[in-house]
Amino acid sequence: MVKKIGILTSGGDAPGMNSTIIGAIKAGISLNKEMYVVYDGYKGLINNHFEKVSKNFIEEKMNVGGTAIKTARLPEFKEESVRQKAVDALKNEGIEALIVIGGDGSYMGAKKLTEMGINCVGLPGTIDNDIASSDYTIGFDTALNTVVNAVDNVRETMTSHNRCGIIEIMGNHCPDLTIFAGIATNADEIFTCDHPLTDKEALYQRMKQAKENGKESFIILVAEKLMDVDQLAKDISQNTPWEARATILGHIQRGGKPSAMERVNSFRMGAYAVELLDKGIGGVCVGIHENKLRYIDIYEALKLSRDKHIDLYQLHDLIK
Ligand code: ADP
Ligand code: F6P
């Protein structure tokens, strides 16, 4: 039976990672495991940056965003020789199992470590919500609230000046933050990879009509990596009666106090990962599906395609 379990965070940080770590540590110690944190993601495995922790480790940080054990990206981890160094370092410490909190790249690293003799469980840590094996990823709820507050603020100033506000939202090719925020803020237009801007002239016409109807502001949400929002603002200012301004929200979306739901769900996932490792289950990732915790093989998880939320675009057509 596994005695020593390590935890690391990898890839982009996300609010709720600290509650996940706390959940795993509390659950592990209650099962008489020795719990270790690994600093700097996979890099910490190569650099032997381990710390044995007590039940109280970071327990006052449930309400703090980011990750207290740092995170990093290590592209060389795709190489077997680099992963072998990690396996040797873990074995040297006597750590036989690892919890990896990160996105799909981190999951791939976790699966490969499992194949090399270290049982790993992946937990979905990313604000993007782009892991199809879970309805929800750690960080998404908090980031969504941050985006919604920011859009509300932009809406206030745009309304005061009778302007158009264009807001670019993170998500790295996953439009969930944009479409959910679009519904929550009653945005006038939403452009994502699943719902792109294909006809600029038609947009200008809708905007002219909105002005004639006495609309006081016009809010457009755009998923990142889709188009140049500054150029769109210029085009709108030239071709419609609206003066437009673009705002790129950027890394403000990654930080912030985790929401209450974030803390509860991430704590549950952390504790569940320990339960799985204690049963000898590895090479899997955890998700929340219909509000129940579940686990599936990482390769199977990576084959799943994400929900495109067609219903939400249809709903948005009704409210806009
Ligand atoms: P995320 O986990 O958020 O998707 P990345 O794609 O940047 O973020 O992956 C995080 C880290 O996972 C990478 O820096 C690398 O160390 C590791 N990783 C990514 N892909 C692989 C892979 N195919 N094999 C092994 N490790 C990988
Ligand atoms: O994956 C999280 C995320 O914030 C994406 O939404 C964004 O595209 C990317 O990370 C930004 O990465 P970096 O922090 O390296 O600029």
# chains A, B, ... in the order shown; residues from 1 in each chain; ligands from 1

$ residues_around --residues "Val2 in chain A" --least-positions-apart "3" --cutoff "9 Å" --atoms "only C-alpha atoms" --output "VMD selection string"
chain A and resid 5 33 95 to 97 277 to 280

$ residues_near_ligand --ligand "ligand 2" --cutoff "6 Å" --atoms "only C-alpha atoms and all ligand atoms" --output "JSON, numbers by chain"
{"A": [12, 126, 127, 128, 170, 171, 172]}

$ residues_around --residues "Arg206 in chain A" --least-positions-apart "6" --cutoff "10 Å" --atoms "only C-alpha atoms" --output "PyMOL selection string"
chain A and resi 188-189+200+212+240

$ select_by_dssp --residues "range 28-163 of chain A" --states "helix (DSSP H, G or I)" --output "VMD selection string"
chain A and resid 28 to 30 41 to 46 59 to 61 75 to 78 80 to 93 104 to 115 140 to 161

$ residues_near_ligand --ligand "ligand 1" --cutoff "6 Å" --atoms "only C-alpha atoms and all ligand atoms" --output "ChimeraX atom specification"
/A:10-12,42,73-75,77-78,102-106,108-109

$ residues_around --residues "Met35 in chain A" --least-positions-apart "2" --cutoff "7 Å" --atoms "only C-alpha atoms" --output "PyMOL selection string"
chain A and resi 4-6+25+28-29+33+37+52-53

$ select_by_dssp --residues "range 112-309 of chain A" --states "strand (DSSP E)" --output "NGL selection string"
:A and (119-124 or 164-169 or 189-191 or 218-223 or 244-248 or 284-289 or 292-297)

$ closest_residue --among "A:Ile101, A:Cys174, A:Leu302, A:Leu249" --to "Gly41 in chain A" --atoms "only C-alpha atoms"
A:Ile101

$ closest_residue --among "A:Val264, A:Ile248, A:Cys285, A:Ala132" --to "Ile166 in chain A" --atoms "only C-alpha atoms"
A:Ile248

$ residues_around --residues "Thr247 in chain A" --least-positions-apart "5" --cutoff "10 Å" --atoms "only C-alpha atoms" --output "PyMOL selection string"
chain A and resi 150-151+154+165-169+221+229-230+233

$ write_last_selection --atoms "all heavy atoms" --output "PDB file, in the first residue's frame"
ATOM      1  N   ALA A 150     -15.491  42.390 -14.649  1.00  0.00           N
ATOM      2  CA  ALA A 150     -14.762  43.309 -15.542  1.00  0.00           C
ATOM      3  C   ALA A 150     -15.683  43.804 -16.649  1.00  0.00           C
ATOM      4  O   ALA A 150     -15.692  45.000 -16.976  1.00  0.00           O
ATOM      5  CB  ALA A 150     -13.540  42.596 -16.121  1.00  0.00           C
ATOM      6  N   VAL A 151     -16.471  42.898 -17.228  1.00  0.00           N
ATOM      7  CA  VAL A 151     -17.377  43.310 -18.317  1.00  0.00           C
ATOM      8  C   VAL A 151     -18.429  44.284 -17.772  1.00  0.00           C
ATOM      9  O   VAL A 151     -18.754  45.288 -18.412  1.00  0.00           O
ATOM     10  CB  VAL A 151     -18.029  42.072 -18.988  1.00  0.00           C
ATOM     11  CG1 VAL A 151     -19.077  42.495 -20.018  1.00  0.00           C
ATOM     12  CG2 VAL A 151     -16.968  41.196 -19.642  1.00  0.00           C
ATOM     13  N   VAL A 154     -16.797  47.621 -17.600  1.00  0.00           N
ATOM     14  CA  VAL A 154     -16.648  48.225 -18.929  1.00  0.00           C
ATOM     15  C   VAL A 154     -18.013  48.738 -19.398  1.00  0.00           C
ATOM     16  O   VAL A 154     -18.140  49.840 -19.930  1.00  0.00           O
ATOM     17  CB  VAL A 154     -16.040  47.220 -19.933  1.00  0.00           C
ATOM     18  CG1 VAL A 154     -16.065  47.784 -21.350  1.00  0.00           C
ATOM     19  CG2 VAL A 154     -14.598  46.871 -19.544  1.00  0.00           C
ATOM     20  N   GLY A 165     -17.975  48.772 -26.354  1.00  0.00           N
ATOM     21  CA  GLY A 165     -16.818  48.175 -25.666  1.00  0.00           C
ATOM     22  C   GLY A 165     -16.585  46.769 -26.210  1.00  0.00           C
ATOM     23  O   GLY A 165     -17.517  45.956 -26.292  1.00  0.00           O
ATOM     24  N   ILE A 166     -15.353  46.522 -26.602  1.00  0.00           N
ATOM     25  CA  ILE A 166     -14.991  45.170 -27.091  1.00  0.00           C
ATOM     26  C   ILE A 166     -14.050  44.587 -26.040  1.00  0.00           C
ATOM     27  O   ILE A 166     -13.055  45.235 -25.682  1.00  0.00           O
ATOM     28  CB  ILE A 166     -14.264  45.266 -28.446  1.00  0.00           C
ATOM     29  CG1 ILE A 166     -15.156  46.003 -29.453  1.00  0.00           C
ATOM     30  CG2 ILE A 166     -13.867  43.894 -28.956  1.00  0.00           C
ATOM     31  CD1 ILE A 166     -14.393  46.463 -30.686  1.00  0.00           C
ATOM     32  N   ILE A 167     -14.347  43.404 -25.559  1.00  0.00           N
ATOM     33  CA  ILE A 167     -13.534  42.825 -24.477  1.00  0.00           C
ATOM     34  C   ILE A 167     -12.994  41.467 -24.919  1.00  0.00           C
ATOM     35  O   ILE A 167     -13.767  40.581 -25.306  1.00  0.00           O
ATOM     36  CB  ILE A 167     -14.370  42.689 -23.182  1.00  0.00           C
ATOM     37  CG1 ILE A 167     -14.821  44.084 -22.740  1.00  0.00           C
ATOM     38  CG2 ILE A 167     -13.560  42.056 -22.047  1.00  0.00           C
ATOM     39  CD1 ILE A 167     -16.258  44.214 -22.569  1.00  0.00           C
ATOM     40  N   GLU A 168     -11.656  41.337 -24.862  1.00  0.00           N
ATOM     41  CA  GLU A 168     -11.023  40.055 -25.231  1.00  0.00           C
ATOM     42  C   GLU A 168     -10.818  39.217 -23.975  1.00  0.00           C
ATOM     43  O   GLU A 168     -10.266  39.689 -22.979  1.00  0.00           O
ATOM     44  CB  GLU A 168      -9.686  40.323 -25.919  1.00  0.00           C
ATOM     45  CG  GLU A 168      -9.047  39.022 -26.379  1.00  0.00           C
ATOM     46  CD  GLU A 168      -7.668  39.219 -26.970  1.00  0.00           C
ATOM     47  OE1 GLU A 168      -7.564  39.726 -28.091  1.00  0.00           O
ATOM     48  OE2 GLU A 168      -6.690  38.848 -26.274  1.00  0.00           O
ATOM     49  N   ILE A 169     -11.251  37.962 -24.068  1.00  0.00           N
ATOM     50  CA  ILE A 169     -11.287  37.068 -22.895  1.00  0.00           C
ATOM     51  C   ILE A 169     -10.394  35.853 -23.133  1.00  0.00           C
ATOM     52  O   ILE A 169     -10.383  35.277 -24.226  1.00  0.00           O
ATOM     53  CB  ILE A 169     -12.760  36.658 -22.642  1.00  0.00           C
ATOM     54  CG1 ILE A 169     -13.573  37.928 -22.319  1.00  0.00           C
ATOM     55  CG2 ILE A 169     -12.888  35.628 -21.536  1.00  0.00           C
ATOM     56  CD1 ILE A 169     -15.052  37.734 -22.287  1.00  0.00           C
ATOM     57  N   LEU A 221     -18.094  40.614 -26.830  1.00  0.00           N
ATOM     58  CA  LEU A 221     -17.084  39.759 -26.186  1.00  0.00           C
ATOM     59  C   LEU A 221     -16.395  38.915 -27.267  1.00  0.00           C
ATOM     60  O   LEU A 221     -17.076  38.326 -28.124  1.00  0.00           O
ATOM     61  CB  LEU A 221     -17.718  38.835 -25.156  1.00  0.00           C
ATOM     62  CG  LEU A 221     -18.524  39.492 -24.030  1.00  0.00           C
ATOM     63  CD1 LEU A 221     -18.852  38.452 -22.950  1.00  0.00           C
ATOM     64  CD2 LEU A 221     -17.787  40.669 -23.418  1.00  0.00           C
ATOM     65  N   VAL A 229      -8.555  42.718 -31.652  1.00  0.00           N
ATOM     66  CA  VAL A 229      -9.683  43.507 -31.130  1.00  0.00           C
ATOM     67  C   VAL A 229      -9.464  45.018 -31.301  1.00  0.00           C
ATOM     68  O   VAL A 229     -10.425  45.774 -31.441  1.00  0.00           O
ATOM     69  CB  VAL A 229      -9.997  43.156 -29.650  1.00  0.00           C
ATOM     70  CG1 VAL A 229     -10.666  41.803 -29.548  1.00  0.00           C
ATOM     71  CG2 VAL A 229      -8.771  43.241 -28.763  1.00  0.00           C
ATOM     72  N   ASP A 230      -8.187  45.454 -31.322  1.00  0.00           N
ATOM     73  CA  ASP A 230      -7.927  46.890 -31.544  1.00  0.00           C
ATOM     74  C   ASP A 230      -8.352  47.266 -32.972  1.00  0.00           C
ATOM     75  O   ASP A 230      -8.940  48.320 -33.195  1.00  0.00           O
ATOM     76  CB  ASP A 230      -6.445  47.212 -31.328  1.00  0.00           C
ATOM     77  CG  ASP A 230      -6.091  47.140 -29.846  1.00  0.00           C
ATOM     78  OD1 ASP A 230      -6.864  47.708 -29.044  1.00  0.00           O
ATOM     79  OD2 ASP A 230      -5.097  46.496 -29.489  1.00  0.00           O
ATOM     80  N   ALA A 233     -12.078  47.514 -33.153  1.00  0.00           N
ATOM     81  CA  ALA A 233     -12.558  48.796 -32.590  1.00  0.00           C
ATOM     82  C   ALA A 233     -12.411  49.910 -33.621  1.00  0.00           C
ATOM     83  O   ALA A 233     -13.319  50.743 -33.788  1.00  0.00           O
ATOM     84  CB  ALA A 233     -11.786  49.119 -31.312  1.00  0.00           C
TER      85      ALA A 233
END

$ residues_around --residues "Ile236 in chain A" --least-positions-apart "3" --cutoff "12 Å" --atoms "only C-alpha atoms" --output "NGL selection string"
:A and (163-166 or 200-208 or 218 or 220 or 229-233 or 239-246)

$ atom_distance --atom1 "CA of Leu276 in chain A" --atom2 "CA of Pro124 in chain A"
15.3 Å

$ atom_distance --atom1 "CA of Lys3 in chain A" --atom2 "CA of Tyr39 in chain A"
19.9 Å

$ closest_residue --among "A:Gly23, A:Pro175, A:Gly16, A:Gly182" --to "Ile99 in chain A" --atoms "only C-alpha atoms"
A:Gly23

$ residues_around --residues "Arg83 in chain A" --least-positions-apart "6" --cutoff "10 Å" --atoms "only C-alpha atoms" --output "mmCIF file with N, CA and C atoms, in the first residue's frame"
data_model
loop_
_atom_site.group_PDB
_atom_site.id
_atom_site.type_symbol
_atom_site.label_atom_id
_atom_site.label_comp_id
_atom_site.auth_asym_id
_atom_site.auth_seq_id
_atom_site.Cartn_x
_atom_site.Cartn_y
_atom_site.Cartn_z
ATOM 1 N N TYR A 42 6.673 19.970 -12.876
ATOM 2 C CA TYR A 42 7.591 18.878 -13.239
ATOM 3 C C TYR A 42 9.057 19.279 -13.061
ATOM 4 N N LEU A 45 10.584 18.075 -9.902
ATOM 5 C CA LEU A 45 10.963 16.651 -9.832
ATOM 6 C C LEU A 45 12.418 16.488 -10.263
ATOM 7 N N ILE A 46 12.765 17.240 -11.306
ATOM 8 C CA ILE A 46 14.136 17.140 -11.839
ATOM 9 C C ILE A 46 15.119 17.793 -10.867
ATOM 10 N N GLU A 76 10.752 19.962 -22.015
ATOM 11 C CA GLU A 76 11.631 18.778 -22.116
ATOM 12 C C GLU A 76 11.040 17.543 -21.422
ATOM 13 N N PHE A 77 9.955 17.733 -20.665
ATOM 14 C CA PHE A 77 9.369 16.584 -19.974
ATOM 15 C C PHE A 77 8.785 15.577 -20.971
ATOM 16 N N ALA A 89 14.339 10.508 -9.040
ATOM 17 C CA ALA A 89 14.299 11.412 -7.886
ATOM 18 C C ALA A 89 13.147 11.037 -6.953
ATOM 19 N N GLY A 109 1.928 14.109 -19.203
ATOM 20 C CA GLY A 109 3.113 13.846 -18.372
ATOM 21 C C GLY A 109 2.781 12.851 -17.272
ATOM 22 N N LYS A 112 2.430 9.309 -18.600
ATOM 23 C CA LYS A 112 3.727 8.707 -18.960
ATOM 24 C C LYS A 112 4.521 8.334 -17.705
ATOM 25 N N LEU A 113 4.410 9.152 -16.660
ATOM 26 C CA LEU A 113 5.081 8.793 -15.392
ATOM 27 C C LEU A 113 4.485 7.504 -14.831
ATOM 28 N N MET A 116 5.887 4.614 -16.255
ATOM 29 C CA MET A 116 7.283 4.396 -15.840
ATOM 30 C C MET A 116 7.366 4.017 -14.358
#
